[in-house]
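Here is the file run12.cif (mmCIF, C-alpha atoms).
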```
data_structure
loop_
_atom_site.label_atom_id
_atom_site.label_comp_id
_atom_site.auth_asym_id
_atom_site.auth_seq_id
_atom_site.Cartn_x
_atom_site.Cartn_y
_atom_site.Cartn_z
CA MET A 1 -125.11 138.63 -176.15
CA PRO A 2 -127.05 136.40 -173.74
CA ALA A 3 -125.17 133.27 -172.74
CA ALA A 4 -127.92 130.93 -173.98
CA ILE A 5 -127.88 132.43 -177.48
CA ALA A 6 -124.09 132.35 -177.61
CA THR A 7 -124.12 128.69 -176.62
CA ARG A 8 -126.62 127.86 -179.40
CA ILE A 9 -124.48 129.72 -181.96
CA MET A 10 -121.39 127.84 -180.85
CA LYS A 11 -123.22 124.50 -181.17
CA LEU A 12 -124.50 125.48 -184.62
CA ASN A 13 -121.02 126.47 -185.79
CA ALA A 14 -119.63 123.20 -184.47
CA SER A 15 -122.31 121.23 -186.34
CA LEU A 16 -121.60 123.11 -189.55
CA ALA A 17 -117.88 122.51 -189.16
CA LEU A 18 -118.46 118.79 -188.60
CA ALA A 19 -120.70 118.55 -191.65
CA ALA A 20 -118.12 120.34 -193.76
CA ALA A 21 -115.40 118.00 -192.55
CA LEU A 22 -117.46 114.91 -193.30
CA GLY A 23 -118.29 116.31 -196.73
CA ALA A 24 -114.65 116.90 -197.43
CA LEU A 25 -113.85 113.32 -196.44
CA GLY A 26 -116.58 111.95 -198.70
CA ALA A 27 -115.84 114.15 -201.68
CA PRO A 28 -112.73 112.33 -202.96
CA ALA A 29 -114.58 108.97 -202.99
CA HIS A 30 -117.34 110.40 -205.16
CA ALA A 31 -114.96 112.42 -207.32
CA GLN A 32 -112.58 109.55 -208.07
CA PRO A 33 -112.64 108.76 -211.79
CA TYR A 34 -113.44 105.25 -213.00
CA PRO A 35 -111.58 102.99 -212.48
CA SER A 36 -110.04 103.60 -209.07
CA LYS A 37 -109.81 100.01 -207.78
CA LEU A 38 -109.57 96.38 -208.90
CA ILE A 39 -111.90 95.26 -211.72
CA ARG A 40 -113.18 91.68 -211.77
CA ILE A 41 -114.13 90.01 -215.06
CA VAL A 42 -116.30 86.93 -214.50
CA VAL A 43 -116.19 84.18 -217.11
CA PRO A 44 -118.98 81.60 -216.63
CA PHE A 45 -116.94 78.77 -218.19
CA PRO A 46 -113.88 76.72 -217.21
CA SER A 47 -110.42 78.16 -217.84
CA GLY A 48 -108.68 77.42 -221.11
CA GLY A 49 -111.62 77.92 -223.46
CA PRO A 50 -112.13 80.79 -225.93
CA THR A 51 -114.30 82.83 -223.55
CA ASP A 52 -111.63 82.63 -220.86
CA LEU A 53 -108.94 83.46 -223.43
CA TYR A 54 -110.59 86.69 -224.60
CA GLY A 55 -111.52 87.63 -221.06
CA ARG A 56 -107.82 87.45 -220.17
CA ILE A 57 -106.76 89.43 -223.24
CA ILE A 58 -109.17 92.21 -222.26
CA ALA A 59 -108.07 92.07 -218.61
CA GLN A 60 -104.40 92.36 -219.55
CA GLU A 61 -104.92 95.26 -221.94
CA LEU A 62 -107.27 97.17 -219.61
CA GLN A 63 -104.72 96.84 -216.84
CA LYS A 64 -101.99 98.22 -219.09
CA ALA A 65 -104.17 101.11 -220.30
CA TRP A 66 -105.71 102.13 -216.97
CA GLY A 67 -103.04 101.18 -214.44
CA GLN A 68 -105.53 99.29 -212.28
CA SER A 69 -105.54 95.58 -211.50
CA VAL A 70 -107.98 93.57 -213.62
CA VAL A 71 -108.51 89.91 -212.75
CA VAL A 72 -110.42 87.11 -214.47
CA GLU A 73 -112.55 84.87 -212.29
CA ASP A 74 -113.77 81.62 -213.90
CA ARG A 75 -117.13 80.61 -212.40
CA PRO A 76 -118.36 77.62 -214.45
CA GLY A 77 -121.57 75.75 -213.80
CA ALA A 78 -125.19 75.37 -214.93
CA THR A 79 -124.40 76.31 -218.56
CA GLY A 80 -123.11 79.70 -217.50
CA ALA A 81 -125.88 80.52 -215.02
CA LEU A 82 -123.65 80.54 -211.92
CA GLY A 83 -121.15 83.06 -213.24
CA SER A 84 -123.85 85.20 -214.82
CA ALA A 85 -125.69 85.41 -211.47
CA VAL A 86 -122.55 86.81 -209.81
CA VAL A 87 -122.55 89.76 -212.22
CA GLN A 88 -126.34 90.17 -212.28
CA GLN A 89 -126.32 90.66 -208.50
CA ALA A 90 -123.24 92.91 -208.37
CA PRO A 91 -123.40 96.69 -207.82
CA PRO A 92 -123.62 98.59 -211.15
CA ASP A 93 -120.33 100.39 -210.61
CA GLY A 94 -118.16 98.88 -213.37
CA TYR A 95 -116.02 96.78 -211.06
CA THR A 96 -117.71 93.45 -211.79
CA LEU A 97 -118.08 92.57 -215.48
CA LEU A 98 -119.10 89.54 -217.51
CA VAL A 99 -117.46 88.03 -220.59
CA THR A 100 -119.80 85.35 -221.90
CA SER A 101 -121.27 83.72 -225.01
CA ASN A 102 -124.77 83.69 -226.44
CA SER A 103 -125.05 79.98 -225.63
CA ALA A 104 -124.92 80.93 -221.92
CA HIS A 105 -126.47 84.38 -222.09
CA VAL A 106 -129.33 83.88 -224.55
CA ILE A 107 -129.97 80.16 -225.05
CA GLY A 108 -129.27 78.90 -221.52
CA PRO A 109 -131.94 80.98 -219.72
CA LEU A 110 -134.56 79.93 -222.29
CA LEU A 111 -134.11 76.27 -221.33
CA ARG A 112 -135.12 76.87 -217.72
CA THR A 113 -138.51 77.35 -216.10
CA PRO A 114 -138.76 79.92 -214.76
CA ARG A 115 -136.36 81.76 -217.02
CA THR A 116 -133.29 82.73 -215.01
CA PHE A 117 -132.76 86.17 -216.55
CA ASP A 118 -133.36 88.38 -219.56
CA GLY A 119 -130.05 88.88 -221.35
CA ALA A 120 -130.72 92.50 -222.33
CA ARG A 121 -132.95 93.78 -219.52
CA ASP A 122 -131.10 92.29 -216.54
CA PHE A 123 -127.62 93.33 -217.71
CA THR A 124 -125.96 96.27 -219.44
CA PRO A 125 -124.62 95.11 -222.82
CA VAL A 126 -121.33 96.90 -223.56
CA THR A 127 -120.09 95.35 -226.82
CA LYS A 128 -119.75 92.08 -228.67
CA LEU A 129 -116.16 90.91 -228.97
CA ILE A 130 -116.08 88.24 -231.66
CA SER A 131 -118.52 86.11 -233.61
CA PHE A 132 -118.26 83.03 -235.77
CA PRO A 133 -120.72 80.94 -237.78
CA MET A 134 -121.34 77.28 -237.12
CA TYR A 135 -119.75 74.81 -239.49
CA LEU A 136 -121.85 71.87 -240.72
CA LEU A 137 -119.58 68.84 -240.82
CA VAL A 138 -120.22 65.23 -241.82
CA HIS A 139 -118.35 61.98 -241.60
CA PRO A 140 -116.34 61.58 -244.83
CA ALA A 141 -117.62 58.04 -245.40
CA LEU A 142 -121.07 59.41 -246.19
CA PRO A 143 -121.68 59.40 -249.97
CA VAL A 144 -122.31 63.16 -250.07
CA HIS A 145 -120.18 66.10 -251.17
CA SER A 146 -122.69 68.94 -250.97
CA LEU A 147 -125.39 70.11 -248.63
CA ALA A 148 -128.11 69.25 -251.16
CA GLU A 149 -126.83 65.66 -251.35
CA PHE A 150 -126.74 65.41 -247.56
CA ILE A 151 -130.31 66.73 -247.20
CA LYS A 152 -131.50 64.20 -249.79
CA LEU A 153 -129.77 61.39 -247.90
CA ALA A 154 -131.15 62.52 -244.52
CA LYS A 155 -134.70 62.74 -245.89
CA SER A 156 -134.42 59.21 -247.25
CA ARG A 157 -133.42 57.96 -243.80
CA PRO A 158 -135.52 59.90 -241.26
CA GLY A 159 -134.48 59.27 -237.68
CA GLU A 160 -131.57 57.05 -238.73
CA LEU A 161 -128.80 59.69 -238.79
CA ASN A 162 -127.42 61.29 -235.63
CA TYR A 163 -125.65 64.54 -234.85
CA SER A 164 -123.32 65.18 -231.94
CA SER A 165 -123.06 68.30 -229.79
CA VAL A 166 -121.19 69.44 -226.71
CA GLY A 167 -124.43 69.27 -224.72
CA VAL A 168 -128.10 70.17 -224.51
CA GLY A 169 -128.63 73.86 -225.17
CA SER A 170 -125.21 74.42 -226.70
CA GLY A 171 -124.80 76.55 -229.81
CA GLY A 172 -124.09 73.46 -231.90
CA HIS A 173 -127.23 71.75 -230.62
CA LEU A 174 -129.50 74.68 -231.47
CA ALA A 175 -127.81 75.35 -234.83
CA CYS A 176 -128.31 71.74 -235.92
CA GLU A 177 -131.97 71.86 -234.83
CA LEU A 178 -132.40 75.09 -236.80
CA PHE A 179 -130.96 73.20 -239.77
CA ASN A 180 -133.41 70.32 -239.16
CA ILE A 181 -136.32 72.77 -239.23
CA ALA A 182 -135.17 74.61 -242.35
CA ALA A 183 -134.21 71.46 -244.30
CA GLY A 184 -137.20 69.36 -243.21
CA THR A 185 -134.93 66.60 -241.94
CA HIS A 186 -135.09 64.45 -238.81
CA ILE A 187 -131.53 63.96 -237.61
CA VAL A 188 -131.35 62.82 -233.98
CA HIS A 189 -129.43 64.75 -231.33
CA VAL A 190 -126.79 62.90 -229.30
CA PRO A 191 -125.27 65.17 -226.62
CA TYR A 192 -121.72 64.61 -225.34
CA ASN A 193 -119.84 66.05 -222.40
CA GLY A 194 -117.60 68.52 -224.20
CA ALA A 195 -116.17 69.41 -227.59
CA ALA A 196 -113.53 66.67 -227.78
CA PRO A 197 -115.85 63.68 -227.32
CA ALA A 198 -118.50 65.23 -229.59
CA GLN A 199 -115.96 65.68 -232.37
CA LEU A 200 -114.49 62.22 -231.80
CA ALA A 201 -117.95 60.70 -232.22
CA LEU A 202 -118.18 62.26 -235.67
CA VAL A 203 -114.63 61.30 -236.64
CA THR A 204 -115.26 57.65 -235.72
CA GLY A 205 -118.64 57.56 -237.47
CA GLU A 206 -120.65 57.14 -234.28
CA THR A 207 -122.57 60.23 -235.44
CA GLN A 208 -122.94 61.58 -238.97
CA LEU A 209 -123.27 65.36 -238.47
CA MET A 210 -121.97 68.06 -236.17
CA CYS A 211 -122.37 71.84 -236.04
CA ASP A 212 -119.05 73.11 -234.73
CA SER A 213 -116.73 76.10 -234.97
CA VAL A 214 -114.42 76.43 -237.96
CA GLY A 215 -111.45 76.93 -235.65
CA ASN A 216 -112.07 73.67 -233.81
CA SER A 217 -112.86 71.41 -236.77
CA GLN A 218 -111.06 72.71 -239.86
CA PRO A 219 -107.80 70.90 -238.94
CA MET A 220 -109.79 67.63 -239.07
CA VAL A 221 -111.19 68.62 -242.48
CA VAL A 222 -107.69 69.32 -243.77
CA ALA A 223 -106.60 65.91 -242.43
CA GLY A 224 -109.44 64.22 -244.32
CA LYS A 225 -111.18 63.04 -241.14
CA LEU A 226 -114.22 65.30 -241.57
CA ARG A 227 -115.99 66.96 -244.49
CA GLY A 228 -117.27 70.55 -244.28
CA LEU A 229 -120.51 71.22 -246.18
CA ALA A 230 -121.68 74.72 -245.20
CA VAL A 231 -121.43 77.58 -242.72
CA THR A 232 -124.33 79.34 -241.04
CA GLY A 233 -123.10 82.90 -241.60
CA ALA A 234 -124.54 85.60 -243.83
CA LYS A 235 -121.33 85.38 -245.87
CA ARG A 236 -118.58 82.83 -246.33
CA SER A 237 -116.02 82.51 -243.58
CA PRO A 238 -112.57 83.93 -244.45
CA ALA A 239 -111.11 80.84 -242.78
CA VAL A 240 -112.88 78.48 -245.23
CA PRO A 241 -113.75 80.65 -248.26
CA GLU A 242 -114.46 77.61 -250.43
CA VAL A 243 -117.34 76.48 -248.18
CA PRO A 244 -120.78 77.91 -249.12
CA THR A 245 -123.29 79.39 -246.70
CA LEU A 246 -126.61 77.75 -245.95
CA LYS A 247 -128.31 80.62 -247.78
CA GLU A 248 -126.27 79.88 -250.90
CA SER A 249 -127.51 76.32 -250.62
CA GLY A 250 -131.13 77.44 -250.52
CA LEU A 251 -131.80 77.45 -246.77
CA PRO A 252 -132.77 80.80 -245.19
CA VAL A 253 -130.76 80.13 -242.03
CA GLU A 254 -128.27 82.37 -240.30
CA ALA A 255 -126.75 81.66 -236.89
CA TYR A 256 -123.68 82.78 -235.01
CA ILE A 257 -121.92 82.15 -231.76
CA TRP A 258 -120.67 85.37 -230.18
CA LEU A 259 -118.65 86.39 -227.18
CA GLY A 260 -119.48 89.68 -225.53
CA LEU A 261 -118.85 92.01 -222.59
CA LEU A 262 -121.67 93.02 -220.24
CA GLY A 263 -122.11 94.64 -216.84
CA PRO A 264 -124.90 94.58 -214.27
CA ALA A 265 -128.16 96.32 -215.14
CA ASN A 266 -128.21 100.11 -214.80
CA LEU A 267 -124.47 100.53 -215.33
CA PRO A 268 -123.96 104.31 -215.67
CA SER A 269 -123.66 105.36 -219.30
CA ALA A 270 -120.35 107.14 -218.67
CA ILE A 271 -118.78 103.93 -217.33
CA ALA A 272 -120.35 101.75 -220.03
CA GLY A 273 -119.11 104.20 -222.66
CA LYS A 274 -115.56 104.24 -221.29
CA LEU A 275 -115.48 100.44 -221.17
CA HIS A 276 -116.92 100.22 -224.69
CA ASP A 277 -114.37 102.57 -226.23
CA GLU A 278 -111.41 100.89 -224.56
CA VAL A 279 -112.51 97.32 -225.35
CA VAL A 280 -113.23 98.19 -228.99
CA ARG A 281 -109.68 99.59 -229.18
CA ILE A 282 -108.30 96.39 -227.67
CA MET A 283 -110.20 94.08 -230.01
CA ASN A 284 -108.89 96.03 -233.00
CA LEU A 285 -105.23 95.81 -232.02
CA PRO A 286 -103.40 94.09 -234.92
CA GLU A 287 -102.20 91.19 -232.78
CA VAL A 288 -105.68 90.60 -231.36
CA ARG A 289 -107.36 90.76 -234.79
CA GLU A 290 -104.81 88.27 -236.11
CA ARG A 291 -105.53 85.87 -233.24
CA VAL A 292 -109.27 86.16 -233.89
CA LEU A 293 -108.94 85.46 -237.62
CA THR A 294 -106.58 82.55 -237.03
CA GLY A 295 -109.26 80.98 -234.85
CA GLY A 296 -111.85 81.20 -237.64
CA SER A 297 -113.74 84.11 -236.06
CA GLU A 298 -114.21 87.81 -236.78
CA VAL A 299 -113.99 90.88 -234.58
CA ALA A 300 -117.62 91.95 -234.14
CA THR A 301 -117.59 95.01 -231.87
CA ASP A 302 -120.73 97.15 -231.84
CA THR A 303 -122.45 99.83 -229.75
CA PRO A 304 -124.24 99.02 -226.48
CA GLU A 305 -127.55 99.83 -228.18
CA GLU A 306 -126.83 97.53 -231.13
CA PHE A 307 -125.68 94.75 -228.84
CA ALA A 308 -128.84 94.99 -226.71
CA ALA A 309 -131.05 94.95 -229.83
CA GLU A 310 -129.27 91.86 -231.15
CA ILE A 311 -129.72 90.03 -227.85
CA ARG A 312 -133.46 90.77 -227.94
CA SER A 313 -133.80 89.69 -231.57
CA GLU A 314 -131.77 86.52 -231.09
CA THR A 315 -133.77 85.60 -228.01
CA GLU A 316 -136.93 85.46 -230.14
CA VAL A 317 -135.26 83.22 -232.75
CA TRP A 318 -133.89 80.68 -230.26
CA ALA A 319 -137.06 80.73 -228.13
CA LYS A 320 -139.03 79.67 -231.21
CA VAL A 321 -136.62 76.79 -231.96
CA ILE A 322 -136.70 75.64 -228.32
CA ARG A 323 -140.51 75.70 -228.23
CA GLU A 324 -140.91 73.96 -231.58
CA LYS A 325 -138.47 71.19 -230.67
CA GLY A 326 -139.47 70.92 -227.00
CA ILE A 327 -135.88 71.31 -225.86
CA LYS A 328 -135.24 71.28 -222.11
CA GLU A 329 -132.06 71.32 -220.10
#
```

For this file, produce the structure as structure tokens.
Amino acid sequence: MPAAIATRIMKLNASLALAAALGALGAPAHAQPYPSKLIRIVVPFPSGGPTDLYGRIIAQELQKAWGQSVVVEDRPGATGALGSAVVQQAPPDGYTLLVTSNSAHVIGPLLRTPRTFDGARDFTPVTKLISFPMYLLVHPALPVHSLAEFIKLAKSRPGELNYSSVGVGSGGHLACELFNIAAGTHIVHVPYNGAAPAQLALVTGETQLMCDSVGNSQPMVVAGKLRGLAVTGAKRSPAVPEVPTLKESGLPVEAYIWLGLLGPANLPSAIAGKLHDEVVRIMNLPEVRERVLTGGSEVATDTPEEFAAEIRSETEVWAKVIREKGIKE
């Protein structure tokens, strides 16, 4: 064999051997099953709230089930926009996830021009976690004991009654405006910086109405400091079964606050499916279900497709309310 040909063959064999070696080194990285490293769950709210709580429950149970570290990172700011952006911009590999609420994921972006993101298109919905209706509460000094009586009073005093909320664009703000539209009332919004001062304003009579969660306000109802008139769910809340729905009271209104799990857009279906199945299992653990019910909420897990469809449908509802009322952040 001529020396030149032999040399070329030797170089070719060396190149093939190098390629095979590099392929062998790369193969384990591609073949590693999910998860194979730390998972980060971003919560776009301060620590200590319900979103942070359920994010930590999921993190703890995923870590136990999968044997991989799962950490919760609270990234509050801009009504959830800062934390959401972290996940939106992350690689779609399942290692950066978002636990958020519809107030941040659906309502918040609609208040900004330009809109910061599309909740379904720019993320991969995995599953809802919990949901709860809003609770229409009034100051007990008002001479009303039913929703019909309250609507009659509010219509007789347009612009004179106020309602408190935890801030512009919050679930309570939008739910009360939805009530205003459906009931034909003009009750004025007074935003506060957080749940505690908003509730205190109602307790002291500074405001006359608030749309809040059952879990947060029912203790005040039991103590006689607030009066619950209705809930915004399709059915009565198990936590306050004696309180009628708005629909029972003649108003075709239904509104919920939900918490849910999402990933970046284009999350592979195998990873989204594995996350979905494990998180649904976690949310249906007896101790987790009991915690949810005690807080006045319900476990509301669904499929990724159902979750995405609900986000799209809800976006249309809240966009209409925001346009009609001219609400801006």

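Neighbours of segment 122-131 of chain A closer than or equal to 6 Å, with only C-alpha atoms counted and sequence neighbours fewer than 4 positions away skipped, come out as Asp118, Ile257, Trp258, Leu259, Gly260, Leu261, Leu262, Gly263, Pro264, Ala265, His276, Ser297, Glu298, Val299, Ala300, Thr301, Asp302, Thr303, Pro304, Phe307 and Ala308 of chain A.
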
Write out as a PDB file with C-alpha atoms, keeping the file's coordinate frame which residues come within 9 Å of segment 209-222 of chain A when counting all atoms listed in the file, dropping same-chain ones fewer than 2 positions away.
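Writing the result to around21.pdb gives the following:
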```pdb
ATOM      1  CA  PHE A 132    -118.260  83.030-235.770  1.00  0.00           C
ATOM      2  CA  PRO A 133    -120.720  80.940-237.780  1.00  0.00           C
ATOM      3  CA  MET A 134    -121.340  77.280-237.120  1.00  0.00           C
ATOM      4  CA  TYR A 135    -119.750  74.810-239.490  1.00  0.00           C
ATOM      5  CA  LEU A 136    -121.850  71.870-240.720  1.00  0.00           C
ATOM      6  CA  LEU A 137    -119.580  68.840-240.820  1.00  0.00           C
ATOM      7  CA  VAL A 138    -120.220  65.230-241.820  1.00  0.00           C
ATOM      8  CA  HIS A 139    -118.350  61.980-241.600  1.00  0.00           C
ATOM      9  CA  LEU A 161    -128.800  59.690-238.790  1.00  0.00           C
ATOM     10  CA  ASN A 162    -127.420  61.290-235.630  1.00  0.00           C
ATOM     11  CA  TYR A 163    -125.650  64.540-234.850  1.00  0.00           C
ATOM     12  CA  SER A 164    -123.320  65.180-231.940  1.00  0.00           C
ATOM     13  CA  SER A 165    -123.060  68.300-229.790  1.00  0.00           C
ATOM     14  CA  GLY A 171    -124.800  76.550-229.810  1.00  0.00           C
ATOM     15  CA  GLY A 172    -124.090  73.460-231.900  1.00  0.00           C
ATOM     16  CA  HIS A 173    -127.230  71.750-230.620  1.00  0.00           C
ATOM     17  CA  LEU A 174    -129.500  74.680-231.470  1.00  0.00           C
ATOM     18  CA  ALA A 175    -127.810  75.350-234.830  1.00  0.00           C
ATOM     19  CA  CYS A 176    -128.310  71.740-235.920  1.00  0.00           C
ATOM     20  CA  ILE A 187    -131.530  63.960-237.610  1.00  0.00           C
ATOM     21  CA  ALA A 195    -116.170  69.410-227.590  1.00  0.00           C
ATOM     22  CA  ALA A 198    -118.500  65.230-229.590  1.00  0.00           C
ATOM     23  CA  GLN A 199    -115.960  65.680-232.370  1.00  0.00           C
ATOM     24  CA  LEU A 202    -118.180  62.260-235.670  1.00  0.00           C
ATOM     25  CA  VAL A 203    -114.630  61.300-236.640  1.00  0.00           C
ATOM     26  CA  THR A 207    -122.570  60.230-235.440  1.00  0.00           C
ATOM     27  CA  GLY A 224    -109.440  64.220-244.320  1.00  0.00           C
ATOM     28  CA  LYS A 225    -111.180  63.040-241.140  1.00  0.00           C
ATOM     29  CA  LEU A 226    -114.220  65.300-241.570  1.00  0.00           C
ATOM     30  CA  ARG A 227    -115.990  66.960-244.490  1.00  0.00           C
ATOM     31  CA  GLY A 228    -117.270  70.550-244.280  1.00  0.00           C
ATOM     32  CA  VAL A 231    -121.430  77.580-242.720  1.00  0.00           C
ATOM     33  CA  SER A 237    -116.020  82.510-243.580  1.00  0.00           C
ATOM     34  CA  ALA A 239    -111.110  80.840-242.780  1.00  0.00           C
ATOM     35  CA  VAL A 240    -112.880  78.480-245.230  1.00  0.00           C
ATOM     36  CA  ILE A 257    -121.920  82.150-231.760  1.00  0.00           C
ATOM     37  CA  THR A 294    -106.580  82.550-237.030  1.00  0.00           C
ATOM     38  CA  GLY A 295    -109.260  80.980-234.850  1.00  0.00           C
ATOM     39  CA  GLY A 296    -111.850  81.200-237.640  1.00  0.00           C
ATOM     40  CA  SER A 297    -113.740  84.110-236.060  1.00  0.00           C
TER      41      SER A 297
END
```

In terms of all atoms listed in the file, the residue from A:Ala148, A:Pro44, A:Glu310, A:Ala230 at minimal distance from Pro244 of chain A is A:Ala230

Leu251 of chain A environment, 9 Å, only C-alpha atoms, sequence neighbours closer than 5 positions dropped, as a compact mmCIF listing (two decimals) with C-alpha atoms, in the coordinates of the input:
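Produced file out00.txt, reproduced below:
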```txt
# COMPACT_ATOMS: atom_id res chain seq x y z
CA PHE A 179 -130.96 73.20 -239.77
CA ALA A 182 -135.17 74.61 -242.35
CA ALA A 183 -134.21 71.46 -244.30
CA THR A 245 -123.29 79.39 -246.70
CA LEU A 246 -126.61 77.75 -245.95
```

Nearest to Pro109 of chain A: which of A:Ile57, A:Ile41, A:Glu160, A:Ser170 is it, counting all atoms listed in the file?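 Smallest separation from Pro109 of chain A among the options: A:Ser170.
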